[in-house]
Every structure is written in structure tokens, then in C-alpha cells.
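J.: work.tsv is the file, holding TSV, C-alpha atoms:
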chain	number	residue	atom	x	y	z
A	48	MET	CA	-54.48	0.47	-83.69
A	49	THR	CA	-55.02	1.86	-80.23
A	50	THR	CA	-53.10	4.66	-78.56
A	51	VAL	CA	-54.24	3.64	-75.08
A	52	PRO	CA	-51.24	3.50	-72.68
A	53	ALA	CA	-50.67	0.23	-70.89
A	54	HIS	CA	-51.81	1.38	-67.47
A	55	THR	CA	-55.00	3.28	-68.24
A	56	GLY	CA	-58.38	1.72	-68.88
A	57	ARG	CA	-59.15	-1.89	-69.68
A	58	LEU	CA	-59.42	-3.30	-73.18
A	59	PRO	CA	-62.15	-5.89	-73.84
A	60	TYR	CA	-60.84	-9.21	-75.09
A	61	PRO	CA	-61.11	-10.79	-77.67
A	62	PHE	CA	-59.92	-7.93	-79.87
A	63	ASP	CA	-61.89	-7.19	-83.02
A	64	ARG	CA	-60.39	-7.17	-86.52
A	65	GLU	CA	-62.41	-5.89	-89.45
A	66	HIS	CA	-61.13	-8.46	-91.93
A	67	CYS	CA	-58.33	-10.99	-92.35
A	68	LEU	CA	-55.84	-8.38	-93.62
A	69	SER	CA	-56.46	-5.96	-90.76
A	70	PRO	CA	-53.33	-5.30	-88.69
A	71	LEU	CA	-52.97	-7.12	-85.40
A	72	PRO	CA	-54.76	-4.82	-82.93
A	73	HIS	CA	-52.95	-2.84	-80.27
A	74	THR	CA	-49.37	-3.51	-81.38
A	75	VAL	CA	-48.50	-0.05	-80.03
A	76	LEU	CA	-48.60	-1.68	-76.61
A	77	LEU	CA	-45.35	-3.46	-77.50
A	78	THR	CA	-43.59	-0.13	-77.04
A	79	VAL	CA	-44.61	0.43	-73.41
A	80	PRO	CA	-42.96	-1.27	-70.41
A	81	GLY	CA	-45.97	-2.57	-68.49
A	82	LEU	CA	-48.60	-5.21	-69.05
A	83	VAL	CA	-51.98	-4.38	-70.54
A	84	ARG	CA	-55.16	-4.44	-68.48
A	85	ILE	CA	-57.99	-6.29	-70.19
A	86	ILE	CA	-61.47	-7.60	-69.51
A	87	LEU	CA	-61.83	-11.34	-70.11
A	88	PRO	CA	-64.84	-12.78	-71.97
A	89	SER	CA	-66.22	-13.71	-68.54
A	90	GLY	CA	-66.19	-10.04	-67.51
A	91	ASP	CA	-63.34	-10.57	-65.04
A	92	PRO	CA	-60.24	-8.34	-65.14
A	93	ALA	CA	-56.82	-9.65	-66.14
A	94	HIS	CA	-53.38	-8.62	-67.35
A	95	LEU	CA	-52.23	-9.24	-70.93
A	96	ALA	CA	-48.53	-9.89	-71.61
A	97	VAL	CA	-47.59	-8.76	-75.13
A	98	ARG	CA	-43.81	-8.33	-75.27
A	99	HIS	CA	-41.85	-11.46	-76.15
A	100	ALA	CA	-39.84	-11.54	-72.92
A	101	ASP	CA	-42.96	-11.01	-70.80
A	102	VAL	CA	-44.90	-13.74	-72.61
A	103	VAL	CA	-42.02	-16.19	-72.10
A	104	ARG	CA	-41.99	-15.30	-68.41
A	105	VAL	CA	-45.69	-16.02	-68.02
A	106	LEU	CA	-45.42	-19.30	-69.91
A	107	THR	CA	-42.44	-20.61	-67.93
A	108	ASP	CA	-42.84	-19.26	-64.38
A	109	ARG	CA	-44.60	-21.94	-62.34
A	110	ARG	CA	-46.07	-19.33	-60.03
A	111	PHE	CA	-48.62	-18.83	-62.81
A	112	SER	CA	-51.07	-21.73	-62.57
A	113	ARG	CA	-53.44	-23.15	-65.16
A	114	ARG	CA	-55.05	-25.39	-62.57
A	115	ALA	CA	-55.82	-22.57	-60.17
A	116	MET	CA	-57.45	-20.62	-63.00
A	117	LEU	CA	-60.06	-23.37	-63.26
A	118	THR	CA	-60.57	-24.29	-59.62
A	119	THR	CA	-60.03	-21.27	-57.32
A	120	PRO	CA	-63.36	-20.48	-55.61
A	121	GLY	CA	-64.48	-16.99	-56.54
A	122	GLY	CA	-61.44	-16.48	-58.77
A	123	PRO	CA	-61.46	-15.01	-62.27
A	124	ARG	CA	-62.55	-17.22	-65.13
A	125	TRP	CA	-61.71	-17.20	-68.83
A	126	THR	CA	-65.34	-17.49	-70.04
A	127	LEU	CA	-68.72	-18.08	-68.47
A	128	ALA	CA	-68.66	-21.57	-70.02
A	129	ASP	CA	-65.49	-22.66	-68.21
A	130	ARG	CA	-65.48	-26.00	-66.44
A	131	ASP	CA	-62.86	-27.95	-64.54
A	132	GLU	CA	-60.84	-29.81	-67.18
A	133	PRO	CA	-58.03	-31.97	-65.79
A	134	SER	CA	-56.33	-32.28	-69.17
A	135	LEU	CA	-52.93	-31.26	-70.53
A	136	LEU	CA	-54.32	-27.73	-70.78
A	137	GLY	CA	-55.81	-27.66	-67.30
A	138	LEU	CA	-53.22	-29.27	-65.04
A	139	ASP	CA	-50.00	-28.13	-63.38
A	140	PRO	CA	-46.97	-30.30	-62.58
A	141	PRO	CA	-46.69	-32.94	-61.23
A	142	ASP	CA	-50.11	-34.09	-62.53
A	143	HIS	CA	-49.49	-32.37	-65.86
A	144	THR	CA	-46.12	-34.12	-66.12
A	145	ARG	CA	-47.72	-37.52	-65.45
A	146	VAL	CA	-50.47	-37.08	-68.08
A	147	ARG	CA	-48.10	-35.57	-70.65
A	148	ARG	CA	-45.69	-38.49	-70.19
A	149	LEU	CA	-48.53	-40.88	-71.06
A	150	CYS	CA	-49.27	-38.96	-74.27
A	151	ALA	CA	-45.68	-38.25	-75.26
A	152	PRO	CA	-44.81	-41.49	-77.16
A	153	ALA	CA	-47.34	-40.64	-79.89
A	154	PHE	CA	-45.62	-37.30	-80.52
A	155	ARG	CA	-41.95	-38.27	-80.24
A	156	ARG	CA	-39.82	-37.44	-83.24
A	157	ASP	CA	-39.54	-41.06	-84.37
A	158	SER	CA	-43.31	-41.53	-84.10
A	159	VAL	CA	-43.99	-38.35	-86.07
A	160	ASP	CA	-41.40	-39.26	-88.71
A	161	GLY	CA	-43.11	-42.63	-89.09
A	162	LEU	CA	-46.36	-40.85	-89.94
A	163	ALA	CA	-44.85	-38.95	-92.88
A	164	PRO	CA	-45.94	-41.46	-95.59
A	165	SER	CA	-49.55	-41.52	-94.39
A	166	VAL	CA	-49.67	-37.70	-94.03
A	167	ASP	CA	-48.38	-37.38	-97.60
A	168	ALA	CA	-50.93	-39.93	-98.78
A	169	HIS	CA	-53.79	-38.06	-97.10
A	170	ALA	CA	-52.62	-34.75	-98.57
A	171	HIS	CA	-52.36	-36.10	-102.12
A	172	ARG	CA	-55.67	-37.98	-101.90
A	173	LEU	CA	-57.44	-34.79	-100.87
A	174	LEU	CA	-55.53	-32.78	-103.45
A	175	ASP	CA	-56.66	-35.20	-106.17
A	176	ALA	CA	-60.26	-34.39	-105.29
A	177	LEU	CA	-59.54	-30.66	-104.94
A	178	LEU	CA	-57.93	-30.45	-108.38
A	179	ALA	CA	-60.74	-32.45	-109.96
A	180	ALA	CA	-63.37	-30.21	-108.37
A	181	GLY	CA	-61.47	-27.10	-109.49
A	182	ALA	CA	-61.12	-28.13	-113.12
A	183	GLY	CA	-62.61	-25.73	-115.62
A	184	GLN	CA	-61.98	-22.64	-113.49
A	185	THR	CA	-64.49	-23.64	-110.83
A	186	PRO	CA	-63.66	-22.08	-107.45
A	187	VAL	CA	-63.30	-24.56	-104.58
A	188	ASP	CA	-63.12	-24.01	-100.83
A	189	LEU	CA	-59.62	-25.05	-99.77
A	190	HIS	CA	-60.54	-24.84	-96.08
A	191	ALA	CA	-63.48	-27.24	-96.26
A	192	ALA	CA	-62.12	-29.55	-98.96
A	193	PHE	CA	-58.47	-29.77	-97.95
A	194	ALA	CA	-57.37	-28.20	-94.66
A	195	LEU	CA	-60.12	-29.52	-92.37
A	196	PRO	CA	-60.27	-33.10	-93.69
A	197	LEU	CA	-56.47	-33.36	-93.69
A	198	ALA	CA	-56.26	-32.30	-90.04
A	199	ASP	CA	-59.10	-34.67	-89.18
A	200	ALA	CA	-57.58	-37.66	-90.98
A	201	VAL	CA	-54.10	-37.22	-89.51
A	202	LEU	CA	-55.31	-36.62	-85.97
A	203	CYS	CA	-57.69	-39.57	-86.02
A	204	ASP	CA	-54.80	-41.73	-87.22
A	205	VAL	CA	-52.75	-40.60	-84.21
A	206	LEU	CA	-55.62	-41.02	-81.77
A	207	GLY	CA	-56.39	-44.40	-83.27
A	208	VAL	CA	-60.07	-43.94	-84.05
A	209	SER	CA	-61.34	-46.32	-86.71
A	210	SER	CA	-62.91	-44.66	-89.74
A	211	GLU	CA	-66.43	-45.91	-89.11
A	212	HIS	CA	-66.47	-44.23	-85.70
A	213	ARG	CA	-65.29	-40.77	-86.81
A	214	ALA	CA	-68.27	-38.57	-86.03
A	215	PRO	CA	-68.57	-35.03	-87.45
A	216	LEU	CA	-66.85	-33.35	-84.50
A	217	SER	CA	-65.77	-30.06	-86.07
A	218	GLU	CA	-68.93	-28.17	-85.19
A	219	TRP	CA	-68.79	-29.25	-81.56
A	220	ALA	CA	-65.14	-28.21	-81.45
A	221	ARG	CA	-66.06	-24.79	-82.83
A	222	HIS	CA	-68.60	-24.39	-80.05
A	223	LYS	CA	-66.11	-25.39	-77.39
A	224	LEU	CA	-63.60	-22.81	-78.69
A	225	SER	CA	-66.08	-19.96	-78.49
A	226	LEU	CA	-65.14	-17.00	-76.31
A	227	THR	CA	-67.91	-14.55	-77.23
A	228	SER	CA	-69.19	-15.81	-80.59
A	229	LEU	CA	-71.83	-18.04	-78.98
A	230	PRO	CA	-73.89	-17.85	-75.78
A	231	PRO	CA	-72.14	-19.63	-72.87
A	232	GLU	CA	-74.78	-22.35	-72.73
A	233	GLN	CA	-74.22	-23.17	-76.42
A	234	ALA	CA	-70.45	-23.27	-75.97
A	235	ARG	CA	-70.90	-25.52	-72.96
A	236	ALA	CA	-73.25	-27.79	-74.92
A	237	GLY	CA	-70.60	-28.28	-77.61
A	238	HIS	CA	-68.11	-29.26	-74.95
A	239	GLU	CA	-70.55	-31.71	-73.41
A	240	ALA	CA	-71.28	-33.25	-76.82
A	241	LEU	CA	-67.57	-33.85	-77.39
A	242	ARG	CA	-67.21	-35.31	-73.92
A	243	THR	CA	-70.19	-37.63	-74.45
A	244	HIS	CA	-68.81	-38.76	-77.80
A	245	PHE	CA	-65.38	-39.64	-76.43
A	246	ASP	CA	-66.95	-41.20	-73.34
A	247	GLY	CA	-68.75	-43.57	-75.70
A	248	LEU	CA	-65.60	-44.33	-77.69
A	249	LEU	CA	-63.64	-45.07	-74.55
A	250	SER	CA	-66.30	-47.16	-72.83
A	251	SER	CA	-66.39	-50.93	-72.99
A	252	PRO	CA	-67.52	-52.85	-74.99
A	253	ARG	CA	-67.73	-50.22	-77.76
A	254	ALA	CA	-64.06	-49.30	-77.36
A	255	ALA	CA	-62.96	-52.69	-78.63
A	256	ASP	CA	-64.34	-51.85	-82.07
A	257	ALA	CA	-63.89	-48.08	-82.07
A	258	LEU	CA	-60.24	-47.81	-81.01
A	259	VAL	CA	-57.29	-49.01	-83.03
A	260	PRO	CA	-54.85	-51.07	-80.90
A	261	GLY	CA	-51.67	-49.09	-80.37
A	262	GLY	CA	-53.40	-45.75	-81.02
A	263	LEU	CA	-53.10	-43.01	-78.44
A	264	LEU	CA	-56.65	-43.32	-77.10
A	265	HIS	CA	-56.25	-47.08	-76.76
A	266	ARG	CA	-53.06	-46.56	-74.74
A	267	LEU	CA	-54.66	-43.88	-72.58
A	268	ARG	CA	-57.59	-46.19	-71.89
A	269	GLU	CA	-55.15	-48.88	-70.80
A	270	ALA	CA	-53.37	-46.34	-68.57
A	271	HIS	CA	-56.73	-45.53	-66.98
A	272	SER	CA	-57.44	-49.23	-66.40
A	273	ALA	CA	-54.02	-49.55	-64.75
A	274	GLY	CA	-54.75	-46.64	-62.39
A	275	HIS	CA	-52.36	-44.15	-63.99
A	276	LEU	CA	-55.09	-41.83	-65.27
A	277	SER	CA	-58.40	-40.89	-63.67
A	278	ARG	CA	-61.63	-41.07	-65.66
A	279	PRO	CA	-62.03	-37.24	-65.70
A	280	GLU	CA	-58.40	-36.90	-66.86
A	281	LEU	CA	-58.95	-39.50	-69.59
A	282	LEU	CA	-62.03	-37.76	-71.02
A	283	ALA	CA	-60.65	-34.23	-70.71
A	284	THR	CA	-57.40	-35.24	-72.39
A	285	ALA	CA	-59.19	-36.97	-75.27
A	286	VAL	CA	-61.40	-33.94	-75.89
A	287	ASN	CA	-58.57	-31.44	-75.76
A	288	LEU	CA	-56.20	-33.49	-77.90
A	289	PHE	CA	-58.85	-33.55	-80.60
A	290	VAL	CA	-59.85	-29.88	-80.38
A	291	ALA	CA	-56.31	-28.51	-80.13
A	292	GLY	CA	-54.87	-30.80	-82.79
A	293	HIS	CA	-57.74	-30.44	-85.25
A	294	ALA	CA	-58.76	-26.78	-85.18
A	295	THR	CA	-55.34	-25.18	-84.89
A	296	THR	CA	-53.66	-27.12	-87.69
A	297	ALA	CA	-56.56	-26.65	-90.12
A	298	ALA	CA	-56.77	-22.92	-89.41
A	299	THR	CA	-53.01	-22.45	-89.67
A	300	LEU	CA	-52.90	-24.26	-93.01
A	301	THR	CA	-55.78	-22.21	-94.42
A	302	ASN	CA	-54.41	-18.87	-93.25
A	303	GLY	CA	-50.91	-19.87	-94.32
A	304	VAL	CA	-52.05	-20.52	-97.87
A	305	LEU	CA	-53.96	-17.24	-97.78
A	306	ALA	CA	-50.80	-15.38	-96.72
A	307	LEU	CA	-48.78	-16.98	-99.50
A	308	LEU	CA	-51.37	-16.28	-102.18
A	309	ASN	CA	-51.79	-12.72	-100.95
A	310	HIS	CA	-48.01	-12.26	-101.31
A	311	GLN	CA	-47.48	-13.58	-104.81
A	312	ASP	CA	-43.73	-12.87	-104.72
A	313	GLN	CA	-43.46	-15.22	-101.74
A	314	TRP	CA	-45.59	-17.89	-103.44
A	315	ARG	CA	-43.42	-17.69	-106.57
A	316	ALA	CA	-40.25	-17.92	-104.48
A	317	LEU	CA	-41.51	-21.03	-102.70
A	318	ARG	CA	-42.51	-22.73	-105.95
A	319	THR	CA	-39.06	-22.00	-107.37
A	320	ASP	CA	-36.97	-22.91	-104.32
A	321	ARG	CA	-38.27	-25.77	-102.21
A	322	THR	CA	-35.60	-25.15	-99.54
A	323	LEU	CA	-37.85	-22.26	-98.49
A	324	LEU	CA	-40.60	-24.66	-97.34
A	325	ARG	CA	-39.39	-24.99	-93.76
A	326	PRO	CA	-38.78	-21.26	-93.19
A	327	ALA	CA	-42.09	-20.51	-94.94
A	328	VAL	CA	-43.98	-22.64	-92.42
A	329	GLU	CA	-42.15	-20.96	-89.51
A	330	GLU	CA	-43.00	-17.52	-90.93
A	331	ILE	CA	-46.66	-18.49	-91.32
A	332	LEU	CA	-46.73	-19.49	-87.66
A	333	ARG	CA	-45.08	-16.24	-86.56
A	334	PHE	CA	-46.90	-13.82	-88.84
A	335	ASP	CA	-50.48	-14.90	-88.17
A	336	THR	CA	-50.54	-16.95	-85.00
A	337	ILE	CA	-53.97	-18.59	-85.13
A	338	ALA	CA	-54.48	-18.68	-81.37
A	339	ASP	CA	-53.78	-15.01	-80.59
A	340	VAL	CA	-53.33	-15.82	-76.94
A	341	GLY	CA	-52.57	-18.74	-74.71
A	342	LEU	CA	-54.95	-19.81	-71.97
A	343	PRO	CA	-54.93	-17.61	-68.85
A	344	ARG	CA	-52.97	-18.36	-65.70
A	345	LEU	CA	-53.64	-17.37	-62.11
A	346	ALA	CA	-50.81	-15.89	-60.08
A	347	LEU	CA	-50.10	-17.97	-56.95
A	348	ALA	CA	-47.85	-15.22	-55.54
A	349	ASP	CA	-46.90	-11.66	-56.36
A	350	VAL	CA	-44.75	-11.78	-59.53
A	351	LEU	CA	-42.99	-8.91	-61.30
A	352	VAL	CA	-43.36	-9.22	-65.08
A	353	GLY	CA	-41.71	-6.42	-67.00
A	354	ALA	CA	-42.72	-3.26	-65.19
A	355	THR	CA	-45.93	-4.71	-63.72
A	356	THR	CA	-46.44	-6.60	-60.50
A	357	ILE	CA	-49.13	-9.22	-60.88
A	358	ARG	CA	-50.67	-9.83	-57.49
A	359	ALA	CA	-51.53	-13.24	-56.13
A	360	GLY	CA	-55.05	-14.16	-57.27
A	361	GLN	CA	-54.90	-12.06	-60.44
A	362	ALA	CA	-55.16	-13.54	-63.93
A	363	VAL	CA	-52.64	-13.05	-66.72
A	364	VAL	CA	-53.00	-13.96	-70.40
A	365	PRO	CA	-49.95	-14.47	-72.66
A	366	SER	CA	-50.34	-13.07	-76.19
A	367	HIS	CA	-48.41	-15.34	-78.55
A	368	ALA	CA	-49.44	-13.23	-81.55
A	369	HIS	CA	-48.10	-9.96	-80.14
A	370	ALA	CA	-44.88	-11.69	-79.10
A	371	GLY	CA	-44.39	-12.66	-82.75
A	372	ARG	CA	-44.53	-8.98	-83.72
A	373	ASP	CA	-42.09	-7.73	-81.08
A	374	PRO	CA	-39.51	-5.48	-82.82
A	375	ALA	CA	-37.05	-6.25	-80.03
A	376	VAL	CA	-36.90	-9.83	-81.36
A	377	PHE	CA	-37.93	-9.71	-85.04
A	378	VAL	CA	-36.66	-7.35	-87.74
A	379	ARG	CA	-39.52	-5.79	-89.75
A	380	PRO	CA	-42.03	-7.79	-87.71
A	381	ASP	CA	-45.09	-6.69	-89.70
A	382	THR	CA	-43.61	-7.95	-92.98
A	383	PHE	CA	-44.42	-11.45	-94.24
A	384	ASP	CA	-41.07	-12.81	-95.42
A	385	ILE	CA	-40.47	-16.53	-95.96
A	386	THR	CA	-36.73	-15.92	-96.32
A	387	ARG	CA	-36.58	-14.66	-92.74
A	388	PRO	CA	-34.02	-16.54	-90.61
A	389	PRO	CA	-35.77	-18.81	-88.09
A	390	GLY	CA	-36.69	-16.93	-84.93
A	391	PRO	CA	-38.17	-17.78	-81.56
A	392	HIS	CA	-41.88	-17.38	-82.34
A	393	LEU	CA	-44.24	-18.63	-79.66
A	394	ALA	CA	-47.02	-20.09	-81.80
A	395	PHE	CA	-46.58	-23.41	-79.96
A	396	GLY	CA	-46.07	-21.77	-76.58
A	397	GLN	CA	-43.15	-22.51	-74.31
A	398	GLY	CA	-42.46	-24.14	-70.98
A	399	PRO	CA	-44.36	-27.10	-69.51
A	400	HIS	CA	-47.45	-26.45	-71.65
A	401	ARG	CA	-45.64	-26.11	-74.99
A	402	CYS	CA	-47.81	-27.80	-77.62
A	403	ILE	CA	-47.16	-31.53	-77.42
A	404	GLY	CA	-48.14	-31.90	-81.08
A	405	ALA	CA	-45.84	-29.22	-82.48
A	406	GLY	CA	-43.76	-31.71	-84.47
A	407	LEU	CA	-46.87	-33.29	-85.98
A	408	ALA	CA	-48.29	-29.88	-86.92
A	409	LEU	CA	-45.04	-28.91	-88.66
A	410	LEU	CA	-45.07	-32.19	-90.59
A	411	GLU	CA	-48.66	-31.63	-91.75
A	412	LEU	CA	-48.07	-28.02	-92.76
A	413	ARG	CA	-44.92	-28.83	-94.74
A	414	ALA	CA	-46.57	-31.80	-96.44
A	415	ALA	CA	-49.71	-29.88	-97.38
A	416	ILE	CA	-48.04	-26.68	-98.58
A	417	GLY	CA	-45.35	-28.64	-100.42
A	418	ALA	CA	-47.99	-30.70	-102.21
A	419	LEU	CA	-49.89	-27.57	-103.22
A	420	ALA	CA	-46.71	-25.95	-104.55
A	421	ASP	CA	-45.87	-29.10	-106.54
A	422	ARG	CA	-49.26	-29.91	-107.96
A	423	ALA	CA	-51.16	-26.61	-107.99
A	424	PRO	CA	-48.57	-23.95	-108.93
A	425	GLY	CA	-51.36	-21.87	-110.50
A	426	LEU	CA	-53.29	-21.73	-107.23
A	427	ARG	CA	-54.81	-18.29	-106.70
A	428	LEU	CA	-57.53	-16.58	-104.70
A	429	ALA	CA	-61.03	-16.60	-106.16
A	430	GLU	CA	-62.26	-13.67	-104.06
A	431	PRO	CA	-60.65	-10.52	-102.62
A	432	PRO	CA	-59.21	-11.36	-99.19
A	433	THR	CA	-61.08	-8.53	-97.47
A	434	THR	CA	-64.41	-10.15	-98.41
A	435	LEU	CA	-63.62	-13.55	-96.86
A	436	PRO	CA	-65.60	-14.58	-93.76
A	437	PHE	CA	-63.48	-13.82	-90.72
A	438	PRO	CA	-65.54	-14.70	-87.65
A	439	GLY	CA	-64.28	-13.40	-84.34
A	440	GLY	CA	-64.97	-14.26	-80.75
A	441	SER	CA	-63.12	-17.60	-80.79
A	442	LEU	CA	-59.91	-18.84	-79.24
A	443	ILE	CA	-58.84	-19.98	-82.73
A	444	GLY	CA	-58.99	-17.33	-85.45
A	445	GLY	CA	-58.66	-17.32	-89.20
A	446	VAL	CA	-60.92	-17.29	-92.23
A	447	SER	CA	-63.68	-19.88	-92.24
A	448	ARG	CA	-63.74	-20.22	-96.04
A	449	LEU	CA	-60.96	-19.91	-98.63
A	450	PRO	CA	-62.27	-20.06	-102.24
A	451	VAL	CA	-59.44	-20.64	-104.72
A	452	TYR	CA	-58.85	-21.41	-108.36
A	453	THR	CA	-56.61	-24.45	-108.58
A	454	HIS	CA	-55.45	-23.95	-112.16
A	455	ALA	CA	-53.71	-21.08	-113.91
A	456	PRO	CA	-56.03	-18.91	-116.05
Spell out the structure here as C-alpha cells.
T.:
Amino acid sequence: MTTVPAHTGRLPYPFDREHCLSPLPHTVLLTVPGLVRIILPSGDPAHLAVRHADVVRVLTDRRFSRRAMLTTPGGPRWTLADRDEPSLLGLDPPDHTRVRRLCAPAFRRDSVDGLAPSVDAHAHRLLDALLAAGAGQTPVDLHAAFALPLADAVLCDVLGVSSEHRAPLSEWARHKLSLTSLPPEQARAGHEALRTHFDGLLSSPRAADALVPGGLLHRLREAHSAGHLSRPELLATAVNLFVAGHATTAATLTNGVLALLNHQDQWRALRTDRTLLRPAVEEILRFDTIADVGLPRLALADVLVGATTIRAGQAVVPSHAHAGRDPAVFVRPDTFDITRPPGPHLAFGQGPHRCIGAGLALLELRAAIGALADRAPGLRLAEPPTTLPFPGGSLIGGVSRLPVYTHAP
């Protein structure tokens, strides 16, 4: 934990953590009134908002622009691999509103509720295999065998990609999410590979076989044909829907199970009282927000945030993770407590760019953790948490492997 005051020096981002149980770095900055000065992975300077109220301000004030962060000539950039992406994550209203409206039907509450049987089926199918593999006290990797394929199966169902056209996209997504873990050219290559893949899926005549009628990508392709979506918007939106929906949910599920198993009293309480499932998922999202920060914005005018004036042309990054540890909002914020009353965590963001798939992610997390509690009550860690691989330098954090025993000793 640093003792650097908010207005002296610049902290390099992303912040390092020694292992998965290391405290969130620099939480002392929650006690000072100003914003933090940081150096982005690109080498450009920026402000970091950490207090809950300041993060909300950055996420909701339209004088902070995602679009300008990608397109302003000579302006600061997030990474050296940045490119202009006119997607949900790279547009401002009204273009953002138009594209989001085209995607919204797939994520409405009734649509998400209708997916519940298939999400449950995917979870139990994968759990069947996990339990079989873990028979006889054999450790199995819950991340690779359960969390990742569940996120992939559910998201591809929503996107409407037929099973025979589901390429192994996870590695490309990992490259695209790199901040400092990979050279910029390698991160950019992963992005280009994803873009090429979805370009092929969305191109005629292949799309007729690759896309399921009524799926989200099929509807977005029709919107493009009708002139409601440009080709760059179509491709950027497809790529970012996959990356955001796949990596974040899988990492949150893996780290959520890790948190529960590392707090055995909480795991026992959840197994005993299933009414704790919903608050447990909310606490997982608050306690270890997988995307420490939201994507940076560029100030279009001078804006006072907390005690700091962000000047026009300067970048600001909202820290969702620090906001979830703000003692002004959460009692005992560094304690993992699944009985905690629901609070306003910002794991899904807020404002125009709030995660469009939040409802789907909650459904997946509840289904997966509920199934594990029902069918694998003896689930326990197979290795000490501090030895688990915890790669840094990515927009999405978390352990990359979670070996567990699925049966009681």
C-alpha cells in the first residue's frame, strides 16, 4: 500500500499485485480529496478517480468522452496498441445510443430470463464432466474446464454463432485485453485476428451458415444491410461484445469461487442458505472487481471532480475496484461478507456505458455458483491461493488457473 499523496508524483498503471490475495493497491488514496495522477500504459499522463462519488461523476458526465479518447489527434492514448473502435465501448451519444439500441433486445430482462434453462443446462453439462474428471481426488482446473467454456457457450448462444463456426477465440481476446503484458504489436495482432474472424462470419455467403437466425449477430448484420449500422461499427461491436462478455464473466466466476473457497465460513453459509446466492454474487462483484478500471475518457471541457480540476484535453480513468472499497459507501469494505446488504458497487459501470450484458452476467454467475453449491459441496482448493498464477498487465485480472478438488476428502 502506498503512502504517496494524491497530488505528488505519478503512479504507473496498471498497478502490480504480488498474488491474488494481495490487498488492492493504493487504497490509502481513498482518504485524500483529489484525484490521483498516473501514467497510462501508453506513457501518457492521466488522472485516476478512486472515490465512489468521483468515479460516478466520471462515468456519467458527458463532458468526458470515450470517442475523443480514441480519435483526438495528438491526444493521450490508453495503450500503444489503441485503434479507432466505433463500438459500444468507443462511441458517445447519439451514435452510442443508436448502436446500443440495436443490441438491447438481446439483453432485455425477458430475453435474459428466457435463457435461464439453457444457461442451467450448460452449467450442469460442464459440471458433469468436471465431477467425473475430479473423481478419485484428482485436481481439476475449474477455470479451464468450467468457467471459460460456460462463458463461451452462453455468449455464443446470445450472439447466435453455430457450434461448427466457434473458433478458439480466447487467446486472441487475451491479446486484445493486454495493457503491458504483451508487446503492442502482439496485442494489436490479437485484435486484428478477432476482427478478421468476425468479418468472415458476417460476410456473405458464409454468414448464412455461420449465423443463427434471430441471434444478435444476425440482427446486427441485417441492421447493417438496412443502413442503420456502418461496417466498421458492425465489426467493432461484434468483437467487443465477444471480448467483454466472454473474458469478464469467466474471470469473475473463477475469482468468485476462489473467494468463497478461501473464506470457508462464507462457502458453508451459502451451501446452507441458498437465499444468500444473490447477495453472494453482488459481494463477489464488489470485493474483487475483475476490471480494476473502466476505459479512459478525455475531458472535452474543464471539469471539477472532487478537489481536482481536469482540464480539457486531459485523460481520466475511473477505478471501479477502488470505488468498491470506499469506506464512505461500504462498511468494512476490505471484508468479504456475502451477508452484506446490497450496495451500489460499480463492477458494471454506470451511465450511458453501463455494461449492457449485466443481467446476463448475473444470471450466469448465479447459475454456476448455485450448481457448484448443490452438486459439489465438498469443493476445495487444491493449491495454496498465493501460489496460483496471477498474471498482470491486462485490463481483465484474476487467476488464470484454479485447481480444485471436487469431492470431500
J.: List as a ChimeraX atom specification the protein and nucleic acid residues near range 283-299 of chain A, meaning an atom at most 8 Å away when only C-alpha atoms are counted, but skip any in the same chain fewer than 5 places from it.
T.: /A:132-136,190,194-195,197-199,202,217,220-221,241-242,245,264,331-332,336-338,404,408,411-412,443-446
J.: Between A:Glu269, A:Pro141, A:Gly439, A:Leu426, which residue has the minimum interatomic distance to Gly181 in chain A, considering all atoms listed in the file?
T.: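 Of the candidates, the smallest distance to Gly181 in chain A is held by A:Leu426.
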J.: Which residue out of A:Arg84, A:Arg413, A:His454, A:Arg379 has the minimum interatomic distance to Asp167 in chain A when all atoms listed in the file are used?
T.: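 Once distances to Asp167 in chain A are computed over all atoms listed in the file, the minimum belongs to A:Arg413.
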J.: Between A:Arg113, A:Arg387, A:Arg372, A:His400, which has the minimum distance to Leu76 in chain A (counting only C-alpha atoms)?
T.: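 With only C-alpha atoms as the atom set, the closest residue is A:Arg372.
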J.: Expressed in Å to a single decimal, how great is the separation between CA of Phe154 in chain A and CA of His265 in chain A?
T.: 14.9 Å
